[in-house]
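Since the structure comes first, as structure tokens, the remarks are kept for the end.
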Amino acid sequence: MPEASRGPWRSGVRLGIGAGGATALVAVVALGRVWAACDVGVNAAANSLTLAFLAPLAWLAAALPWLALHGTLGRRHRALALVAGLVFSVWFAWFLVTWLGMPDAYPQSRCPGNVPPWWPDFVPS
């Protein structure tokens with residue numbers, strides 16, 4: 001394989017698929033747990049269908065920044081690109097769970113303040 005075809009963009013695709021998939025998986029599972037704990041939605045089947053539709057969208061939205069970071073910043077500073085991608089992944093998973101999983105307009109006696117009881121206090125919601 002020629003040296004020009006193996007570059008940061010190609011490894012960025014692999015990292016984007018792997019890290020984006022892991023980020024989407026963590027976010028979708030946490031989102032499902034929040035919905036189940038706070039009794040959000042119609043029923044488990046409707047919530048599962050919503051999560052199944054959301055999973056590929058979250059995967060794509062998490063994979064594209066990894067590709068961009070690794071393809072641009074990774075050319076010169078590979079470690080910095082990996083750290084930036086990790087920071088983005090943690091932020092993105094937190095954003096999805098708090099934005100979609102803890103709506104203010106859904107009061108629930110099971111989750112005071114729309115925050116599930118298992119949610120850590122040190123993580124803002």
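Every chain in the structure tokens has a letter given in the order shown (A, B, ...), and although residue numbers restart at 1 in each chain, ligands are simply numbered from 1 in the order shown.
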Test item: residues at most 9 Å from A:Met102, only C-alpha atoms, excluding those fewer than 2 positions along its chain, as a CSV table (one decimal) with all heavy atoms, in the first residue's frame:
```csv
chain,number,residue,atom,x,y,z
A,31,LEU,N,-29.0,7.2,28.6
A,31,LEU,CA,-30.3,7.8,28.3
A,31,LEU,C,-31.5,6.9,28.5
A,31,LEU,O,-32.5,7.3,29.1
A,31,LEU,CB,-30.3,8.3,26.8
A,31,LEU,CG,-31.5,9.2,26.4
A,31,LEU,CD1,-31.6,10.4,27.2
A,31,LEU,CD2,-31.3,9.5,24.9
A,34,VAL,N,-31.9,6.6,32.3
A,34,VAL,CA,-32.5,7.8,32.9
A,34,VAL,C,-34.0,7.8,32.6
A,34,VAL,O,-34.8,8.1,33.5
A,34,VAL,CB,-31.9,9.1,32.3
A,34,VAL,CG1,-32.7,10.3,32.6
A,34,VAL,CG2,-30.5,9.3,32.8
A,35,TRP,N,-34.4,7.5,31.4
A,35,TRP,CA,-35.8,7.4,31.0
A,35,TRP,C,-36.5,6.3,31.8
A,35,TRP,O,-37.7,6.5,32.3
A,35,TRP,CB,-36.0,7.1,29.5
A,35,TRP,CG,-35.7,8.3,28.7
A,35,TRP,CD1,-35.5,9.6,29.1
A,35,TRP,CD2,-35.7,8.3,27.3
A,35,TRP,NE1,-35.3,10.4,28.0
A,35,TRP,CE2,-35.4,9.6,26.9
A,35,TRP,CE3,-35.9,7.3,26.3
A,35,TRP,CZ2,-35.3,10.0,25.5
A,35,TRP,CZ3,-35.7,7.7,25.0
A,35,TRP,CH2,-35.4,9.0,24.6
A,38,CYS,N,-36.9,7.6,35.6
A,38,CYS,CA,-37.8,8.7,35.8
A,38,CYS,C,-39.1,8.5,35.1
A,38,CYS,O,-40.0,9.4,35.1
A,38,CYS,CB,-37.1,10.0,35.2
A,38,CYS,SG,-35.7,10.5,36.2
A,40,VAL,N,-40.0,8.2,32.0
A,40,VAL,CA,-40.2,9.2,30.9
A,40,VAL,C,-40.7,8.3,29.7
A,40,VAL,O,-40.2,7.3,29.4
A,40,VAL,CB,-38.9,9.9,30.5
A,40,VAL,CG1,-39.1,10.7,29.2
A,40,VAL,CG2,-38.5,10.8,31.7
A,97,VAL,N,-27.2,13.0,27.3
A,97,VAL,CA,-28.0,12.5,28.4
A,97,VAL,C,-28.7,13.6,29.1
A,97,VAL,O,-29.9,13.5,29.5
A,97,VAL,CB,-27.1,11.7,29.4
A,97,VAL,CG1,-27.8,11.3,30.6
A,97,VAL,CG2,-26.6,10.4,28.7
A,98,THR,N,-28.1,14.7,29.3
A,98,THR,CA,-28.7,15.8,30.1
A,98,THR,C,-29.7,16.6,29.2
A,98,THR,O,-30.7,17.0,29.8
A,98,THR,CB,-27.7,16.8,30.7
A,98,THR,OG1,-26.9,17.3,29.6
A,98,THR,CG2,-26.8,16.1,31.7
A,99,TRP,N,-29.5,16.7,28.0
A,99,TRP,CA,-30.4,17.4,27.1
A,99,TRP,C,-31.7,16.6,26.8
A,99,TRP,O,-32.8,17.1,26.8
A,99,TRP,CB,-29.7,17.9,25.8
A,99,TRP,CG,-30.5,18.7,24.9
A,99,TRP,CD1,-31.2,19.8,25.1
A,99,TRP,CD2,-30.7,18.4,23.5
A,99,TRP,NE1,-31.8,20.2,24.0
A,99,TRP,CE2,-31.5,19.4,23.0
A,99,TRP,CE3,-30.2,17.4,22.7
A,99,TRP,CZ2,-31.9,19.4,21.6
A,99,TRP,CZ3,-30.6,17.4,21.3
A,99,TRP,CH2,-31.4,18.4,20.8
A,100,LEU,N,-31.5,15.4,26.4
A,100,LEU,CA,-32.6,14.5,26.0
A,100,LEU,C,-33.2,13.7,27.2
A,100,LEU,O,-34.4,13.4,27.1
A,100,LEU,CB,-32.2,13.6,24.9
A,100,LEU,CG,-31.8,14.2,23.6
A,100,LEU,CD1,-31.3,13.1,22.6
A,100,LEU,CD2,-33.0,14.9,22.9
A,104,ASP,N,-36.9,19.5,31.5
A,104,ASP,CA,-37.5,20.3,32.5
A,104,ASP,C,-39.0,20.3,32.5
A,104,ASP,O,-39.7,20.5,33.5
A,104,ASP,CB,-37.0,21.8,32.4
A,104,ASP,CG,-35.6,21.9,32.7
A,104,ASP,OD1,-35.0,21.0,33.5
A,104,ASP,OD2,-34.9,22.9,32.3
A,105,ALA,N,-39.6,20.0,31.4
A,105,ALA,CA,-41.0,20.1,31.2
A,105,ALA,C,-41.7,18.8,31.6
A,105,ALA,O,-42.9,18.6,31.4
A,105,ALA,CB,-41.4,20.4,29.8
A,106,TYR,N,-41.0,17.8,32.2
A,106,TYR,CA,-41.6,16.6,32.5
A,106,TYR,C,-41.5,16.3,34.0
A,106,TYR,O,-40.6,15.7,34.5
A,106,TYR,CB,-40.9,15.4,31.8
A,106,TYR,CG,-41.7,14.1,31.8
A,106,TYR,CD1,-42.7,13.9,30.8
A,106,TYR,CD2,-41.4,13.2,32.7
A,106,TYR,CE1,-43.4,12.8,30.8
A,106,TYR,CE2,-42.2,12.0,32.7
A,106,TYR,CZ,-43.2,11.8,31.8
A,106,TYR,OH,-43.9,10.6,31.7
A,113,GLY,N,-36.4,17.1,40.6
A,113,GLY,CA,-35.6,18.0,39.8
A,113,GLY,C,-35.3,17.3,38.4
A,113,GLY,O,-34.3,17.8,37.8
A,114,ASN,N,-36.0,16.3,38.1
A,114,ASN,CA,-35.8,15.6,36.8
A,114,ASN,C,-34.4,14.9,36.7
A,114,ASN,O,-33.9,14.8,35.6
A,114,ASN,CB,-36.0,16.5,35.6
A,114,ASN,CG,-37.5,16.9,35.5
A,114,ASN,OD1,-38.4,16.1,35.8
A,114,ASN,ND2,-37.7,18.2,35.2
A,115,VAL,N,-33.8,14.6,37.9
A,115,VAL,CA,-32.5,14.0,37.9
A,115,VAL,C,-32.7,12.6,38.6
A,115,VAL,O,-33.3,12.5,39.7
A,115,VAL,CB,-31.5,14.8,38.7
A,115,VAL,CG1,-30.2,14.1,38.8
A,115,VAL,CG2,-31.4,16.2,38.1
A,116,PRO,N,-32.3,11.5,37.9
A,116,PRO,CA,-32.5,10.2,38.5
A,116,PRO,C,-31.7,10.1,39.8
A,116,PRO,O,-30.7,10.7,40.0
A,116,PRO,CB,-32.0,9.2,37.5
A,116,PRO,CG,-31.2,10.0,36.5
A,116,PRO,CD,-31.6,11.4,36.6
A,125,SER,N,-26.3,18.5,36.0
A,125,SER,CA,-27.4,18.0,35.1
A,125,SER,C,-28.1,19.2,34.7
A,125,SER,O,-29.1,19.5,34.6
A,125,SER,CB,-28.2,17.1,35.9
A,125,SER,OG,-28.8,17.6,37.1
```
Quiz item: Quick one: DSSP alpha helix (DSSP H) residues in stretch 42-87 of chain A, as a PyMOL selection string?
Solution: chain A and resi 44-72+78-87
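Using only C-alpha atoms, the nearest neighbour of A:Leu67 within the list A:Val83, A:Val13, A:Ala30, A:Leu54 is A:Val13.
When the distance limit is 9 Å and only C-alpha atoms are what count, the residues near A:Pro117, minus those fewer than 6 positions from it on the same chain, are A:Ala37, A:Cys38, A:Arg110, A:Cys111.
Counting only C-alpha atoms, the residue from A:Gly16, A:Gly21, A:Gly101, A:Pro124 that sits nearest to A:Ala58 is A:Gly21.
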Exercise. Write out as a ChimeraX atom specification each polymer residue whose atoms come within 8 Å of stretch 80-82 of chain A, counting only C-alpha atoms; drop sequence neighbours fewer than 6 positions from it.
Key: /A:69-70,73-74
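The space separating atom CA of A:Ala27 from atom CA of A:Ala93 comes to 4.8 Å.
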Quiz prompt | Counting only C-alpha atoms, the residue of A:Gly32, A:Gly20, A:Pro120, A:Gly41 that sits nearest A:Val90 | solution = A:Gly20
Quiz item: Between A:Arg33, A:Ala22, A:Arg14, A:Ala55, which has the minimum distance to A:Leu86 (counting only C-alpha atoms)?
Solution: A:Ala22
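Relative to atom CA of A:Pro56, atom CA of A:Arg10 is found at 20.8 Å.
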Quiz item: Counting only C-alpha atoms, what is within 10 Å of A:Ser89, bar same-chain residues fewer than 4 positions away, as a ChimeraX atom specification?
Solution: /A:19-20,22-24,26-27,62-63,65-66,83-85,93-95
Just-selected residues, all heavy atoms written as a compact mmCIF listing (two decimals), in the first residue's frame:
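File written: part-v3.txt
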```txt
# COMPACT_ATOMS: atom_id res chain seq x y z
N ALA A 19 -14.41 5.10 18.41
CA ALA A 19 -14.69 6.00 19.53
C ALA A 19 -16.09 6.60 19.42
O ALA A 19 -16.77 6.78 20.43
CB ALA A 19 -13.64 7.11 19.58
N GLY A 20 -16.52 6.91 18.20
CA GLY A 20 -17.88 7.42 18.02
C GLY A 20 -18.92 6.38 18.39
O GLY A 20 -19.94 6.70 19.00
N ALA A 22 -18.48 3.91 20.57
CA ALA A 22 -18.45 3.77 22.02
C ALA A 22 -19.17 4.93 22.70
O ALA A 22 -19.93 4.72 23.66
CB ALA A 22 -17.01 3.68 22.51
N THR A 23 -18.95 6.13 22.20
CA THR A 23 -19.63 7.30 22.77
C THR A 23 -21.14 7.19 22.60
O THR A 23 -21.90 7.45 23.53
CB THR A 23 -19.11 8.58 22.09
OG1 THR A 23 -17.70 8.67 22.28
CG2 THR A 23 -19.78 9.81 22.66
N ALA A 24 -21.58 6.81 21.41
CA ALA A 24 -23.01 6.67 21.16
C ALA A 24 -23.60 5.57 22.02
O ALA A 24 -24.71 5.73 22.56
CB ALA A 24 -23.26 6.38 19.68
N VAL A 26 -22.55 4.47 25.01
CA VAL A 26 -22.62 4.94 26.39
C VAL A 26 -23.78 5.93 26.56
O VAL A 26 -24.56 5.85 27.51
CB VAL A 26 -21.28 5.57 26.82
CG1 VAL A 26 -21.42 6.36 28.11
CG2 VAL A 26 -20.22 4.50 26.97
N ALA A 27 -23.90 6.86 25.62
CA ALA A 27 -24.96 7.88 25.71
C ALA A 27 -26.35 7.26 25.61
O ALA A 27 -27.25 7.61 26.38
CB ALA A 27 -24.76 8.94 24.64
N ALA A 62 -20.90 11.72 16.74
CA ALA A 62 -19.70 11.55 17.55
C ALA A 62 -18.49 11.17 16.70
O ALA A 62 -17.35 11.48 17.06
CB ALA A 62 -19.94 10.49 18.62
N ALA A 63 -18.72 10.51 15.57
CA ALA A 63 -17.61 10.04 14.74
C ALA A 63 -17.00 11.16 13.89
O ALA A 63 -15.79 11.20 13.68
CB ALA A 63 -18.06 8.90 13.84
N PRO A 65 -16.50 14.46 14.43
CA PRO A 65 -15.45 15.27 15.08
C PRO A 65 -14.15 14.50 15.28
O PRO A 65 -13.07 15.08 15.19
CB PRO A 65 -16.07 15.67 16.42
CG PRO A 65 -17.52 15.65 16.16
CD PRO A 65 -17.74 14.51 15.21
N TRP A 66 -14.23 13.20 15.56
CA TRP A 66 -13.01 12.40 15.68
C TRP A 66 -12.25 12.40 14.35
O TRP A 66 -11.03 12.54 14.33
CB TRP A 66 -13.34 10.96 16.08
CG TRP A 66 -13.43 10.77 17.55
CD1 TRP A 66 -14.54 10.81 18.31
CD2 TRP A 66 -12.35 10.50 18.43
NE1 TRP A 66 -14.22 10.59 19.62
CE2 TRP A 66 -12.88 10.39 19.73
CE3 TRP A 66 -10.97 10.34 18.27
CZ2 TRP A 66 -12.10 10.12 20.84
CZ3 TRP A 66 -10.20 10.07 19.38
CH2 TRP A 66 -10.75 9.97 20.64
N VAL A 83 -6.50 13.41 22.94
CA VAL A 83 -7.03 14.02 24.16
C VAL A 83 -8.24 14.89 23.83
O VAL A 83 -9.26 14.84 24.52
CB VAL A 83 -5.94 14.82 24.89
CG1 VAL A 83 -6.52 15.67 26.01
CG2 VAL A 83 -4.88 13.89 25.45
N ALA A 84 -8.14 15.68 22.77
CA ALA A 84 -9.27 16.53 22.37
C ALA A 84 -10.48 15.67 21.98
O ALA A 84 -11.63 16.01 22.31
CB ALA A 84 -8.86 17.44 21.22
N GLY A 85 -10.25 14.57 21.29
CA GLY A 85 -11.34 13.67 20.93
C GLY A 85 -11.98 13.04 22.15
O GLY A 85 -13.20 12.90 22.23
N ALA A 93 -21.44 12.80 25.24
CA ALA A 93 -22.29 11.84 25.95
C ALA A 93 -23.05 12.54 27.08
O ALA A 93 -24.25 12.32 27.26
CB ALA A 93 -21.45 10.70 26.51
N TRP A 94 -22.36 13.41 27.84
CA TRP A 94 -23.03 14.16 28.91
C TRP A 94 -24.13 15.04 28.32
O TRP A 94 -25.23 15.11 28.87
CB TRP A 94 -22.01 15.01 29.66
CG TRP A 94 -22.63 15.99 30.59
CD1 TRP A 94 -23.06 15.76 31.86
CD2 TRP A 94 -22.92 17.36 30.31
NE1 TRP A 94 -23.59 16.91 32.39
CE2 TRP A 94 -23.53 17.91 31.46
CE3 TRP A 94 -22.74 18.18 29.20
CZ2 TRP A 94 -23.94 19.23 31.52
CZ3 TRP A 94 -23.15 19.50 29.27
CH2 TRP A 94 -23.73 20.01 30.41
N PHE A 95 -23.85 15.72 27.22
CA PHE A 95 -24.82 16.61 26.60
C PHE A 95 -26.07 15.84 26.17
O PHE A 95 -27.19 16.28 26.42
CB PHE A 95 -24.18 17.32 25.40
CG PHE A 95 -25.16 18.14 24.61
CD1 PHE A 95 -25.61 19.35 25.09
CD2 PHE A 95 -25.61 17.70 23.38
CE1 PHE A 95 -26.52 20.10 24.36
CE2 PHE A 95 -26.52 18.44 22.65
CZ PHE A 95 -26.97 19.65 23.14
```
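The coordinates place atom CA of A:Ala61 at 26.1 Å from atom CA of A:Phe122.
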Quiz item: Using only C-alpha atoms, which of A:Arg75, A:Leu96, A:Ile17, A:Trp118 sits nearest A:Leu60?
Solution: A:Ile17
